[in-house]
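Student: Provided below: data_28.tsv, containing TSV, C-alpha atoms.
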chain	number	residue	atom	x	y	z
A	1289	CYS	CA	82.60	40.28	82.01
A	1290	LYS	CA	83.12	42.66	79.09
A	1291	ALA	CA	83.00	46.10	80.79
A	1292	PRO	CA	86.56	47.19	81.74
A	1293	GLY	CA	85.28	49.48	84.47
A	1294	LEU	CA	83.15	46.76	86.02
A	1295	VAL	CA	86.06	44.54	87.04
A	1296	SER	CA	88.00	47.38	88.59
A	1297	THR	CA	84.86	48.51	90.45
A	1298	ILE	CA	84.26	45.03	91.79
A	1299	ILE	CA	87.86	44.68	92.88
A	1300	ARG	CA	87.76	48.05	94.62
A	1301	ILE	CA	84.53	47.19	96.46
A	1302	MET	CA	85.56	43.66	97.40
A	1303	LYS	CA	89.08	44.51	98.54
A	1304	PRO	CA	88.10	45.16	102.17
A	1305	MET	CA	86.06	41.93	102.24
A	1306	ASN	CA	89.09	39.67	101.52
A	1307	THR	CA	87.13	37.85	98.88
A	1308	ASP	CA	88.66	35.40	96.46
A	1309	TYR	CA	88.73	37.39	93.24
A	1310	SER	CA	89.16	34.39	91.00
A	1311	LYS	CA	85.58	33.29	91.80
A	1312	LEU	CA	84.24	36.72	90.89
A	1313	GLU	CA	86.07	36.68	87.58
A	1314	LYS	CA	84.51	33.31	86.75
A	1315	GLY	CA	81.07	34.62	87.65
A	1316	GLU	CA	80.64	32.70	90.87
A	1317	ASP	CA	79.44	34.44	94.06
A	1318	SER	CA	78.20	37.39	92.02
A	1319	HIS	CA	74.93	37.24	93.98
A	1320	LEU	CA	76.82	38.85	96.90
A	1321	LEU	CA	77.15	42.12	95.02
A	1322	ASP	CA	74.42	44.70	95.19
A	1323	GLU	CA	73.39	46.04	91.79
A	1324	ALA	CA	73.56	49.66	93.04
A	1325	LEU	CA	77.21	49.19	93.92
A	1326	VAL	CA	78.12	47.58	90.63
A	1327	LYS	CA	78.00	50.45	88.19
A	1328	PRO	CA	80.93	51.22	85.94
A	1329	LEU	CA	83.06	54.22	86.83
A	1330	SER	CA	84.56	56.52	84.26
A	1331	ASP	CA	88.33	56.85	83.88
A	1332	GLY	CA	88.25	60.17	85.76
A	1333	ASP	CA	86.48	58.51	88.68
A	1334	ILE	CA	89.06	55.72	88.83
A	1335	MET	CA	91.87	58.29	88.83
A	1336	ASN	CA	90.22	60.15	91.72
A	1337	GLY	CA	90.04	57.01	93.83
A	1338	GLY	CA	86.43	56.29	92.94
A	1339	MET	CA	85.17	59.52	94.44
A	1340	ALA	CA	83.45	61.50	91.73
A	1341	LYS	CA	83.72	65.27	92.12
A	1342	LYS	CA	80.77	67.39	91.27
A	1343	ALA	CA	81.57	69.85	88.51
A	1344	ARG	CA	81.08	73.44	89.58
A	1345	ALA	CA	78.78	75.55	87.51
A	1346	PHE	CA	80.46	78.39	85.62
A	1347	SER	CA	80.27	81.60	87.62
A	1348	TRP	CA	80.82	85.00	86.04
A	1349	PHE	CA	81.32	86.52	89.47
A	1350	ARG	CA	84.12	84.05	90.34
A	1351	CYS	CA	85.75	84.68	86.95
A	1352	LEU	CA	85.53	88.45	87.46
A	1353	CYS	CA	87.04	88.20	90.95
A	1354	LYS	CA	89.97	86.12	89.72
A	1355	THR	CA	90.57	88.50	86.81
A	1356	LEU	CA	90.53	91.53	89.12
A	1357	LEU	CA	92.91	89.80	91.52
A	1358	VAL	CA	95.38	89.08	88.73
A	1359	LEU	CA	95.14	92.67	87.45
A	1360	LEU	CA	95.67	94.00	90.96
A	1361	LEU	CA	98.78	91.87	91.41
A	1362	VAL	CA	100.16	92.99	88.04
A	1363	LEU	CA	99.49	96.63	88.97
A	1364	LEU	CA	101.16	96.20	92.34
A	1365	VAL	CA	104.26	94.60	90.84
A	1366	THR	CA	104.45	97.30	88.15
A	1367	THR	CA	104.15	100.04	90.76
A	1368	VAL	CA	106.93	98.56	92.86
A	1369	VAL	CA	109.23	98.20	89.83
A	1370	VAL	CA	108.57	101.77	88.65
A	1371	ALA	CA	109.05	103.20	92.15
A	1372	PHE	CA	112.34	101.34	92.60
A	1373	GLY	CA	113.56	102.41	89.16
A	1374	SER	CA	112.62	106.03	89.86
A	1375	TYR	CA	114.44	105.95	93.17
A	1376	ILE	CA	117.60	104.61	91.53
A	1377	TRP	CA	117.42	107.23	88.74
A	1378	VAL	CA	116.87	110.17	91.13
A	1379	ARG	CA	119.66	108.96	93.39
A	1380	HIS	CA	122.01	108.84	90.39
A	1381	GLN	CA	120.99	112.36	89.31
A	1382	VAL	CA	121.55	113.78	92.80
A	1383	LYS	CA	125.02	112.25	92.95
A	1384	ARG	CA	125.75	113.49	89.44
A	1385	PHE	CA	124.80	117.13	90.07
A	1386	THR	CA	125.99	117.64	93.63
A	1387	VAL	CA	129.53	118.08	94.86
A	1388	ASP	CA	130.77	116.51	98.03
A	1389	GLY	CA	134.02	118.10	99.16
A	1390	LYS	CA	135.33	114.89	100.68
A	1391	GLU	CA	134.71	112.79	97.56
A	1392	LYS	CA	136.20	115.40	95.16
A	1393	ASN	CA	139.22	116.14	97.40
A	1394	LEU	CA	138.27	119.83	97.60
A	1395	PRO	CA	139.81	121.90	100.38
A	1396	GLU	CA	137.65	122.71	103.41
A	1397	PRO	CA	135.92	125.11	102.81
A	1398	PRO	CA	135.46	124.38	99.10
A	1399	LEU	CA	135.75	128.01	97.93
A	1400	PRO	CA	138.28	130.62	99.10
A	1401	VAL	CA	137.32	132.86	102.00
A	1402	ALA	CA	138.17	136.59	101.91
A	1403	PRO	CA	137.56	137.92	105.44
A	1404	ILE	CA	137.74	141.64	106.19
A	1405	PRO	CA	138.25	143.37	109.54
A	1406	ASP	CA	135.15	143.78	111.72
A	1407	ALA	CA	135.43	147.59	111.69
A	1408	LYS	CA	135.32	147.73	107.88
A	1409	LEU	CA	132.45	145.22	107.88
A	1410	GLU	CA	130.40	147.49	110.19
A	1411	VAL	CA	131.06	150.50	107.95
A	1412	ILE	CA	129.82	148.61	104.88
A	1413	LYS	CA	126.67	147.48	106.73
A	1414	ASP	CA	125.98	151.07	107.98
A	1415	GLU	CA	126.38	152.53	104.45
A	1416	ALA	CA	124.00	149.90	103.01
A	1417	LYS	CA	121.41	150.54	105.78
A	1418	LEU	CA	121.59	154.31	105.26
A	1419	PHE	CA	121.15	153.94	101.49
A	1420	TRP	CA	118.16	151.58	101.98
A	1421	ASP	CA	116.52	153.85	104.58
A	1422	GLN	CA	116.83	156.86	102.26
A	1423	LEU	CA	115.17	154.90	99.42
A	1424	ARG	CA	112.30	153.77	101.66
A	1425	ALA	CA	111.77	157.33	102.91
A	1426	GLY	CA	111.45	158.62	99.32
A	1427	VAL	CA	114.66	160.68	99.52
A	1428	VAL	CA	117.06	160.49	96.63
A	1429	PRO	CA	120.44	159.45	98.06
A	1430	THR	CA	123.21	161.98	97.48
A	1431	GLU	CA	125.75	159.28	96.64
A	1432	ASP	CA	125.44	155.94	94.89
A	1433	LEU	CA	126.07	152.85	96.94
A	1434	VAL	CA	129.35	151.41	95.72
A	1435	ILE	CA	130.47	148.04	97.00
A	1436	SER	CA	133.66	146.43	95.75
A	1437	GLU	CA	134.40	142.75	95.13
A	1438	GLU	CA	136.40	142.67	98.35
A	1439	ASP	CA	133.47	144.14	100.34
A	1440	ILE	CA	130.97	141.61	98.96
A	1441	ASN	CA	133.31	138.68	99.63
A	1442	GLY	CA	133.89	140.08	103.16
A	1443	LEU	CA	130.12	140.11	103.78
A	1444	ILE	CA	129.91	136.54	102.51
A	1445	ALA	CA	132.80	135.49	104.78
A	1446	SER	CA	130.99	136.93	107.81
A	1447	SER	CA	128.04	134.58	107.31
A	1448	HIS	CA	128.37	131.15	108.92
A	1449	TYR	CA	126.19	129.55	106.25
A	1450	MET	CA	127.80	131.20	103.19
A	1451	ARG	CA	131.42	131.19	104.40
A	1452	GLY	CA	133.43	129.04	101.99
A	1453	HIS	CA	130.38	128.29	99.85
A	1454	ALA	CA	130.19	131.47	97.73
A	1455	ILE	CA	132.59	133.94	96.15
A	1456	VAL	CA	131.98	136.91	93.82
A	1457	HIS	CA	134.15	138.12	90.93
A	1458	ILE	CA	133.65	141.58	89.37
A	1459	SER	CA	135.39	142.57	86.14
A	1460	GLU	CA	134.56	145.23	83.48
A	1461	GLY	CA	130.98	145.84	84.59
A	1462	LYS	CA	130.12	142.13	84.86
A	1463	TRP	CA	129.94	140.06	87.95
A	1464	THR	CA	129.89	136.30	88.50
A	1465	ALA	CA	129.24	134.30	91.60
A	1466	ASP	CA	130.52	130.80	92.32
A	1467	LEU	CA	128.26	128.89	94.69
A	1468	ASP	CA	128.82	125.58	96.40
A	1469	LEU	CA	125.81	125.06	98.65
A	1470	PRO	CA	125.63	121.85	100.70
A	1471	MET	CA	122.48	119.80	100.11
A	1472	ASP	CA	122.41	118.26	103.59
A	1473	LYS	CA	122.08	121.53	105.54
Is it possible to express this structure as structure tokens?
Tutor:
Amino acid sequence: CKAPGLVSTIIRIMKPMNTDYSKLEKGEDSHLLDEALVKPLSDGDIMNGGMAKKARAFSWFRCLCKTLLVLLLVLLVTTVVVAFGSYIWVRHQVKRFTVDGKEKNLPEPPLPVAPIPDAKLEVIKDEAKLFWDQLRAGVVPTEDLVISEEDINGLIASSHYMRGHAIVHISEGKWTADLDLPMDK
């Protein structure tokens, strides 16, 4: 027997029959084998346990689906990485540009408070309302509205939201305001 696949095929077929293989190798009892069963198998068939797999025909649709799936997965992973990186960067910027009084050991409230008596506060509010009403009515006010640094800081101190978070400084015709507004309110 010269075909290498033939012997392995015969052995595989005859194994369940408990046949004496030495007789088959010598050529005896070969009449027991059916010719349709005795055809040589390729190496790939022997590796697959004798079961030949049918090769699938090439499909452009299947190839396109697999390519789109891979692209979708790459896009998804890229989106997640960019979103996470953006979150980390924004979080860092918020921490960098905001002040937390507890972390920076600032006094509570962070800026000084300059309260004024309630009576003086009411006078300042009445003067400002009168000045505004005269402007809205088209009447030229007889006096200019003059508010000092102390008056402005007193108005700020009377506000629950602005108290301790803003202060005004006036010097030589210029004014500056220091603001420390909480981000969580």
Student: Could you state the separation of CA of Tyr1449 (chain A) and CA of Glu1410 (chain A) in Å, given to one decimal place?
Tutor: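 About the pair CA of Tyr1449 (chain A) and CA of Glu1410 (chain A): they are 18.8 Å apart.
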Student: Counting all atoms listed in the file, write as a PyMOL selection string all protein and nucleic acid residues lying at most 10 Å from (134.5, 138.3, 108.9) in the file's frame.
Tutor: chain A and resi 1401-1409+1441-1448+1451
Student: Have a look at CA of Arg1384 (chain A) and CA of Asp1468 (chain A) and let me know their distance in Å, one decimal.
Tutor: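 Pair CA of Arg1384 (chain A) / CA of Asp1468 (chain A) returns 14.3 Å.
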Student: CA of Leu1467 (chain A) and CA of Val1378 (chain A), how far apart in Å?
Tutor: 22.2 Å
Student: Here is a test: counting all atoms listed in the file, which residue of A:Leu1364, A:Lys1383, A:Leu1399, A:Phe1372 is nearest to His1453 (chain A)?
Tutor: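 Once distances to His1453 (chain A) are computed over all atoms listed in the file, the minimum belongs to A:Leu1399.
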Student: Taking N, CA and C atoms as the atom set, what does region 1399-1411 of chain A look like once completed, written as a PDB file, in the coordinates of the input?
Tutor:
ATOM      1  N   LEU A1399     135.399 126.790  98.653  1.00  0.00           N
ATOM      2  CA  LEU A1399     135.750 128.010  97.930  1.00  0.00           C
ATOM      3  C   LEU A1399     136.587 128.908  98.837  1.00  0.00           C
ATOM      4  N   PRO A1400     137.439 129.761  98.255  1.00  0.00           N
ATOM      5  CA  PRO A1400     138.280 130.620  99.100  1.00  0.00           C
ATOM      6  C   PRO A1400     137.457 131.605  99.925  1.00  0.00           C
ATOM      7  N   VAL A1401     137.971 131.941 101.079  1.00  0.00           N
ATOM      8  CA  VAL A1401     137.320 132.860 102.000  1.00  0.00           C
ATOM      9  C   VAL A1401     138.152 134.138 102.034  1.00  0.00           C
ATOM     10  N   ALA A1402     137.471 135.290 101.887  1.00  0.00           N
ATOM     11  CA  ALA A1402     138.170 136.590 101.910  1.00  0.00           C
ATOM     12  C   ALA A1402     137.626 137.413 103.069  1.00  0.00           C
ATOM     13  N   PRO A1403     138.090 137.159 104.293  1.00  0.00           N
ATOM     14  CA  PRO A1403     137.560 137.920 105.440  1.00  0.00           C
ATOM     15  C   PRO A1403     138.100 139.362 105.424  1.00  0.00           C
ATOM     16  N   ILE A1404     137.316 140.249 106.010  1.00  0.00           N
ATOM     17  CA  ILE A1404     137.740 141.640 106.190  1.00  0.00           C
ATOM     18  C   ILE A1404     137.626 141.974 107.667  1.00  0.00           C
ATOM     19  N   PRO A1405     138.312 143.003 108.107  1.00  0.00           N
ATOM     20  CA  PRO A1405     138.250 143.370 109.540  1.00  0.00           C
ATOM     21  C   PRO A1405     136.821 143.744 109.939  1.00  0.00           C
ATOM     22  N   ASP A1406     136.493 143.514 111.201  1.00  0.00           N
ATOM     23  CA  ASP A1406     135.150 143.780 111.720  1.00  0.00           C
ATOM     24  C   ASP A1406     134.763 145.254 111.593  1.00  0.00           C
ATOM     25  N   ALA A1407     135.723 146.149 111.775  1.00  0.00           N
ATOM     26  CA  ALA A1407     135.430 147.590 111.690  1.00  0.00           C
ATOM     27  C   ALA A1407     134.978 147.950 110.271  1.00  0.00           C
ATOM     28  N   LYS A1408     135.683 147.445 109.274  1.00  0.00           N
ATOM     29  CA  LYS A1408     135.320 147.730 107.880  1.00  0.00           C
ATOM     30  C   LYS A1408     133.974 147.083 107.544  1.00  0.00           C
ATOM     31  N   LEU A1409     133.723 145.914 108.101  1.00  0.00           N
ATOM     32  CA  LEU A1409     132.450 145.220 107.880  1.00  0.00           C
ATOM     33  C   LEU A1409     131.285 146.055 108.425  1.00  0.00           C
ATOM     34  N   GLU A1410     131.452 146.661 109.596  1.00  0.00           N
ATOM     35  CA  GLU A1410     130.400 147.490 110.190  1.00  0.00           C
ATOM     36  C   GLU A1410     130.153 148.745 109.352  1.00  0.00           C
ATOM     37  N   VAL A1411     131.220 149.313 108.793  1.00  0.00           N
ATOM     38  CA  VAL A1411     131.060 150.500 107.950  1.00  0.00           C
ATOM     39  C   VAL A1411     130.251 150.162 106.704  1.00  0.00           C
TER      40      VAL A1411
END
